[in-house]
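*Asks:* Here's a structure for you.
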Amino acid sequence: MAAKNTNMFSLIFSFIILGLAHLNLVNTLSPSYYDQTCPNAESTITSVVKKAMLNDPTVPAALLRMHFHDCFIRGCDGSVLLNSTGKNKAEKDGPPNISLHTFYVIDNAKKAVEALCPKTVSCTDILALAARDAVSGGPTWDVPKGRKDGRVSKATETRQLPAPTFNISQLQQSFAQRGLSIDDLVALSGGHTLGFAHCSSFQNRIHNFSSKQSVDPTLESSFAASLKSVCPATNTAKNAGANLDATPTTFDNRYYKLLLQGKSIFSSDQSLVTSAKTKALVSKFASSQQEFQKAFVKSMIKMSSISGGQEVRLDCRVVN
Ligand code: HEM
């Protein structure tokens with residue numbers, strides 16, 4: 001009788017595990033995932049990423065954003081790394097991703113790792129590690145690994161990425177759809193402590209804002225004037241734009257301080273001070289670099305654990 005009960009129990013237990021696995025709720029990632037199969041993977045990736053960052057100061061911001069865009073479409077599965085093929089336009093050629101760059105850094109890291117341990121380390125893990133290395137000078141953390149690469153990448157799906165014109169409820173919904181909370185939203189938006197935006201990404205705030213006002217009134221006036229001068233209404237300079245905060249290559253809490261002064265770049269950034277809960281978090285991070293970094297690490301690990309793929313790609317740009 002006892003044996004029968006035990007069998008029944010293990011059967012039910014297996015069904016539950018299978019069900020959870022199907023829903024991608026079982027987190028199989030682990031910081032020691034490659035310890036036996038490729039112990040030097042991580043240090044090899046880090047040295048490739050560090051070298052690229054030294055050569056080009058725009059690399060860190062680009063890698064961090066690339067990882068975010070990867071995880072928000074089909075989970076973290078390296079779908080953003082795939083090239084378009086004859087019949088399929090891939091994510092990287094979708095409108096929000098046109099400005100992504102530094103794919104070569106992931107290719108170089110993959111080549112170095114393949115030489116050490118072939119067919120073992122996923123491109124998605126390489127990107128997650130590169131994003132962690134990109135915030136050097138800021139916090140660091142142990143990246144859980146074991147992600148698999150996906151086989152599908154569609155440019156049309158990049159419509160699911162949050163837009164810089166989103167208000168707080170649209171942002172909240174976009175994050176919630178990926179299992180991310182409002183706390184994650186505020187902490188991860190701190191990624192905007194690095195990098196740059198093209199005029200088109202914040203044009204809505206400085207020209208024809210509404211039928212009554214041409215400029216977003218929540219923008220501090222001298223800041224608005226400086227944005228208008230680099231991005232006139234008939235902007236023709238393809239590379240014109242503004243840094244996301246005043247220290248765009250330093251991973252600090254300046255972004256939150258500027259946010260409280262009406263000096264954020266996107267409507268979506270500004271929207272973080274339109275609800276009491278998010279505003280309180282913005283104030284907390286503005287006054288404590290440590291609180292920001294602690295929250296950022298927690299939310300990055302959460303975001304980068306959204307699962308997706310099923311294989312270890314040999315070439316990050318092409319499915320096996
Ligand atoms: C909350 C929703 C978000 C929206 C609406 C948003 C939107 C944008 C937009 C429009 C740009 C500028 C693109 C351009 O003009 O070239 C940008 C840049 C950037 N975003 Fe976000 N973003 C969001 C969240 C995040 C998150 C979660 C991260 C990372 C944790 C992140 C990291 C970055 C970085 C680092 C850049 C600068 C890229 C570079 O200089 O190459 N963003 N974002």
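By convention here, the chains of the structure tokens are called A, B, ... in the order presented, each chain's residues are numbered starting at 1, and ligands are numbered starting at 1 in the order presented.
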Give me, as a list of chain:residue names, all polymer residues having an atom no more than 10 Å from Thr250 (chain A), counting only C-alpha atoms and skipping those fewer than 6 positions away in the same chain.
*Replies:*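 Contacts, with the query itself left out: A:Pro60, A:Ala61, A:Val135, A:Ser136, A:Gly137, A:Gly138, A:Thr193, A:Leu194, A:Gly195.
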*Asks:* Can you spit out the residues from that selection as a PDB file, in the first residue's frame, using N, CA and C atoms?
*Replies:*
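As a result, part08.pdb now contains:
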ATOM      1  N   PRO A  60      29.501  49.337 -24.272  1.00  0.00           N
ATOM      2  CA  PRO A  60      28.724  48.896 -23.104  1.00  0.00           C
ATOM      3  C   PRO A  60      27.222  49.172 -23.232  1.00  0.00           C
ATOM      4  N   ALA A  61      26.870  50.398 -23.605  1.00  0.00           N
ATOM      5  CA  ALA A  61      25.440  50.737 -23.722  1.00  0.00           C
ATOM      6  C   ALA A  61      24.761  49.854 -24.760  1.00  0.00           C
ATOM      7  N   VAL A 135      28.323  46.742 -17.657  1.00  0.00           N
ATOM      8  CA  VAL A 135      28.110  47.714 -16.585  1.00  0.00           C
ATOM      9  C   VAL A 135      29.321  47.772 -15.644  1.00  0.00           C
ATOM     10  N   SER A 136      30.490  47.478 -16.212  1.00  0.00           N
ATOM     11  CA  SER A 136      31.695  47.523 -15.374  1.00  0.00           C
ATOM     12  C   SER A 136      31.875  48.942 -14.847  1.00  0.00           C
ATOM     13  N   GLY A 137      32.347  49.017 -13.638  1.00  0.00           N
ATOM     14  CA  GLY A 137      32.394  50.329 -12.983  1.00  0.00           C
ATOM     15  C   GLY A 137      31.147  50.488 -12.117  1.00  0.00           C
ATOM     16  N   GLY A 138      30.087  49.759 -12.481  1.00  0.00           N
ATOM     17  CA  GLY A 138      28.872  49.713 -11.671  1.00  0.00           C
ATOM     18  C   GLY A 138      28.885  48.415 -10.864  1.00  0.00           C
ATOM     19  N   THR A 193      21.243  55.091 -17.707  1.00  0.00           N
ATOM     20  CA  THR A 193      22.414  55.833 -17.214  1.00  0.00           C
ATOM     21  C   THR A 193      23.543  55.741 -18.236  1.00  0.00           C
ATOM     22  N   LEU A 194      23.406  54.784 -19.184  1.00  0.00           N
ATOM     23  CA  LEU A 194      24.416  54.631 -20.235  1.00  0.00           C
ATOM     24  C   LEU A 194      23.808  54.978 -21.579  1.00  0.00           C
ATOM     25  N   GLY A 195      24.598  55.584 -22.447  1.00  0.00           N
ATOM     26  CA  GLY A 195      24.229  55.625 -23.850  1.00  0.00           C
ATOM     27  C   GLY A 195      23.571  56.874 -24.378  1.00  0.00           C
TER      28      GLY A 195
END
*Asks:* Got a sec to check which residues lie within 6 Å of ligand 1, using only C-alpha atoms and all ligand atoms, and send them as a list in words?
*Replies:*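 Going residue by residue within 6 Å of ligand 1, we get Ala61, Ala62, Leu64, Arg65, Phe68, Ser99, Pro162, Ala163, Pro164, Leu188, Ser189, Gly191, His192, Leu194, Gly195, Phe196, Ala197, His198, Ser201 and Ser268 of chain A.
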*Asks:* Could those selected residues go to a file with N, CA and C atoms, as a CSV table (one decimal), in the first residue's frame?
*Replies:*
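Final file, result35.csv:
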chain,number,residue,atom,x,y,z
A,61,ALA,N,26.9,50.4,-23.6
A,61,ALA,CA,25.4,50.7,-23.7
A,61,ALA,C,24.8,49.9,-24.8
A,62,ALA,N,25.5,49.6,-25.9
A,62,ALA,CA,24.9,48.8,-27.0
A,62,ALA,C,24.6,47.4,-26.5
A,64,LEU,N,24.2,46.3,-23.4
A,64,LEU,CA,23.1,46.2,-22.4
A,64,LEU,C,21.7,46.3,-23.0
A,65,ARG,N,21.6,47.2,-24.0
A,65,ARG,CA,20.3,47.4,-24.7
A,65,ARG,C,20.0,46.1,-25.5
A,68,PHE,N,18.5,43.5,-23.3
A,68,PHE,CA,17.1,43.8,-22.9
A,68,PHE,C,16.2,43.5,-24.1
A,99,SER,N,19.1,50.7,-34.6
A,99,SER,CA,20.2,51.4,-34.0
A,99,SER,C,21.0,50.4,-33.1
A,162,PRO,N,8.6,47.9,-25.6
A,162,PRO,CA,8.0,49.1,-25.1
A,162,PRO,C,8.5,50.3,-25.9
A,163,ALA,N,7.6,51.3,-26.2
A,163,ALA,CA,8.0,52.5,-27.0
A,163,ALA,C,8.4,53.6,-26.0
A,164,PRO,N,9.3,54.5,-26.5
A,164,PRO,CA,9.7,55.7,-25.7
A,164,PRO,C,8.5,56.6,-25.4
A,188,LEU,N,15.3,48.8,-13.8
A,188,LEU,CA,15.9,48.5,-15.1
A,188,LEU,C,15.9,49.7,-16.0
A,189,SER,N,15.0,50.6,-15.8
A,189,SER,CA,15.1,51.9,-16.6
A,189,SER,C,16.4,52.6,-16.3
A,191,GLY,N,19.1,51.5,-16.7
A,191,GLY,CA,20.0,51.2,-17.8
A,191,GLY,C,20.2,52.5,-18.6
A,192,HIS,N,19.3,53.4,-18.5
A,192,HIS,CA,19.5,54.7,-19.3
A,192,HIS,C,20.5,55.6,-18.6
A,194,LEU,N,23.4,54.8,-19.2
A,194,LEU,CA,24.4,54.6,-20.2
A,194,LEU,C,23.8,55.0,-21.6
A,195,GLY,N,24.6,55.6,-22.4
A,195,GLY,CA,24.2,55.6,-23.8
A,195,GLY,C,23.6,56.9,-24.4
A,196,PHE,N,23.0,56.7,-25.5
A,196,PHE,CA,22.6,57.8,-26.4
A,196,PHE,C,21.3,57.5,-27.1
A,197,ALA,N,20.5,58.6,-27.4
A,197,ALA,CA,19.3,58.4,-28.2
A,197,ALA,C,19.3,59.3,-29.4
A,198,HIS,N,18.8,58.8,-30.5
A,198,HIS,CA,18.6,59.6,-31.7
A,198,HIS,C,17.4,60.5,-31.5
A,201,SER,N,13.7,59.4,-31.3
A,201,SER,CA,13.2,58.7,-30.2
A,201,SER,C,12.6,59.6,-29.1
A,268,SER,N,8.8,57.9,-21.7
A,268,SER,CA,8.7,56.8,-20.8
A,268,SER,C,9.5,56.9,-19.6
*Asks:* Restricting the calculation to only C-alpha atoms: of A:Leu219, A:Leu127, A:Ala155, A:Ala233, which residue gets closest to Asp93 (chain A)?
*Replies:*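 Ranking A:Leu219, A:Leu127, A:Ala155, A:Ala233 by distance to Asp93 (chain A), first place goes to A:Ala155.
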*Asks:* Here is a test: counting only C-alpha atoms, which residue of A:Ser264, A:Asn97, A:Thr274, A:Asn253 is nearest to Phe292 (chain A)?
*Replies:*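 Looking only at the distances to Phe292 (chain A), the closest residue turns out to be A:Asn253.
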*Asks:* Could you pull the residues within 10 Å of Glu42 (chain A), counting only C-alpha atoms, minus those fewer than 2 positions along the same chain, as a list in words?
*Replies:*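 Near Glu42 (chain A), the qualifying residues are Tyr34, Asp35, Cys38, Pro39, Asn40, Thr44, Ile45, Thr46, Ser47, Ala109, Val113, Val121, Asp125, Ile126, Leu129, Ala130 and Val143 of chain A.
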*Asks:* Near Phe175 (chain A), counting only C-alpha atoms, which residues have an atom at most 10 Å away, once you skip same-chain residues fewer than 3 positions from it, shown as a PyMOL selection string?
*Replies:* chain A and resi 72+161-162+169-172+178-182+184-185+303
*Asks:* Please, could you write that set of residues out with N, CA and C atoms as a PDB file, in the first residue's frame?
*Replies:*
ATOM      1  N   PHE A  72      13.068  40.621 -24.168  1.00  0.00           N
ATOM      2  CA  PHE A  72      11.671  41.057 -24.273  1.00  0.00           C
ATOM      3  C   PHE A  72      10.931  40.450 -25.459  1.00  0.00           C
ATOM      4  N   LEU A 161       8.094  45.515 -28.278  1.00  0.00           N
ATOM      5  CA  LEU A 161       9.000  46.221 -27.354  1.00  0.00           C
ATOM      6  C   LEU A 161       8.317  47.488 -26.851  1.00  0.00           C
ATOM      7  N   PRO A 162       8.576  47.884 -25.583  1.00  0.00           N
ATOM      8  CA  PRO A 162       7.967  49.133 -25.109  1.00  0.00           C
ATOM      9  C   PRO A 162       8.513  50.325 -25.902  1.00  0.00           C
ATOM     10  N   SER A 169       1.126  53.228 -17.380  1.00  0.00           N
ATOM     11  CA  SER A 169       0.363  51.978 -17.390  1.00  0.00           C
ATOM     12  C   SER A 169       0.752  51.101 -18.574  1.00  0.00           C
ATOM     13  N   GLN A 170       1.130  51.712 -19.685  1.00  0.00           N
ATOM     14  CA  GLN A 170       1.597  50.895 -20.817  1.00  0.00           C
ATOM     15  C   GLN A 170       2.924  50.201 -20.480  1.00  0.00           C
ATOM     16  N   LEU A 171       3.793  50.934 -19.786  1.00  0.00           N
ATOM     17  CA  LEU A 171       5.078  50.335 -19.389  1.00  0.00           C
ATOM     18  C   LEU A 171       4.861  49.190 -18.407  1.00  0.00           C
ATOM     19  N   GLN A 172       3.985  49.466 -17.450  1.00  0.00           N
ATOM     20  CA  GLN A 172       3.705  48.457 -16.418  1.00  0.00           C
ATOM     21  C   GLN A 172       3.174  47.179 -17.063  1.00  0.00           C
ATOM     22  N   ARG A 178       5.906  40.053 -19.083  1.00  0.00           N
ATOM     23  CA  ARG A 178       7.142  39.248 -19.009  1.00  0.00           C
ATOM     24  C   ARG A 178       7.457  38.833 -17.576  1.00  0.00           C
ATOM     25  N   GLY A 179       6.482  38.965 -16.706  1.00  0.00           N
ATOM     26  CA  GLY A 179       6.686  38.561 -15.315  1.00  0.00           C
ATOM     27  C   GLY A 179       7.503  39.558 -14.519  1.00  0.00           C
ATOM     28  N   LEU A 180       7.622  40.784 -15.028  1.00  0.00           N
ATOM     29  CA  LEU A 180       8.430  41.791 -14.326  1.00  0.00           C
ATOM     30  C   LEU A 180       7.517  42.817 -13.655  1.00  0.00           C
ATOM     31  N   SER A 181       7.931  43.232 -12.472  1.00  0.00           N
ATOM     32  CA  SER A 181       7.094  44.105 -11.639  1.00  0.00           C
ATOM     33  C   SER A 181       7.400  45.574 -11.902  1.00  0.00           C
ATOM     34  N   ILE A 182       6.653  46.406 -11.198  1.00  0.00           N
ATOM     35  CA  ILE A 182       6.869  47.848 -11.274  1.00  0.00           C
ATOM     36  C   ILE A 182       8.243  48.222 -10.669  1.00  0.00           C
ATOM     37  N   ASP A 184      10.847  46.289 -10.879  1.00  0.00           N
ATOM     38  CA  ASP A 184      11.799  45.942 -11.941  1.00  0.00           C
ATOM     39  C   ASP A 184      11.829  47.046 -12.999  1.00  0.00           C
ATOM     40  N   LEU A 185      10.648  47.562 -13.331  1.00  0.00           N
ATOM     41  CA  LEU A 185      10.569  48.626 -14.340  1.00  0.00           C
ATOM     42  C   LEU A 185      11.432  49.825 -13.952  1.00  0.00           C
ATOM     43  N   MET A 303      15.179  39.616 -15.243  1.00  0.00           N
ATOM     44  CA  MET A 303      14.909  39.803 -16.675  1.00  0.00           C
ATOM     45  C   MET A 303      15.699  38.797 -17.498  1.00  0.00           C
TER      46      MET A 303
END
*Asks:* When DSSP is applied to the backbone of this structure, which of region 87-140 of chain A are assigned alpha helix (DSSP H)? Write them out as an NGL selection string.
*Replies:* :A and (103-116 or 123-134)
*Asks:* Using only C-alpha atoms, which residue out of A:Ser304, A:Asn167, A:Ser174, A:Gln203 lies closest to Asn235 (chain A)?
*Replies:*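 Nearest candidate to Asn235 (chain A) out of A:Ser304, A:Asn167, A:Ser174, A:Gln203: A:Gln203.
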*Asks:* At what distance in Å, to one decimal, does CA of Ser79 (chain A) lie from CA of Val152 (chain A)?
*Replies:*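 Between these atoms lies a distance of 6.4 Å.
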*Asks:* Which one is closest to Asn83 (chain A): A:His207, A:Arg159, A:Lys154, A:Lys50? Count only C-alpha atoms.
*Replies:*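 Going through A:His207, A:Arg159, A:Lys154, A:Lys50 one by one, the smallest distance to Asn83 (chain A) is for A:Lys154.
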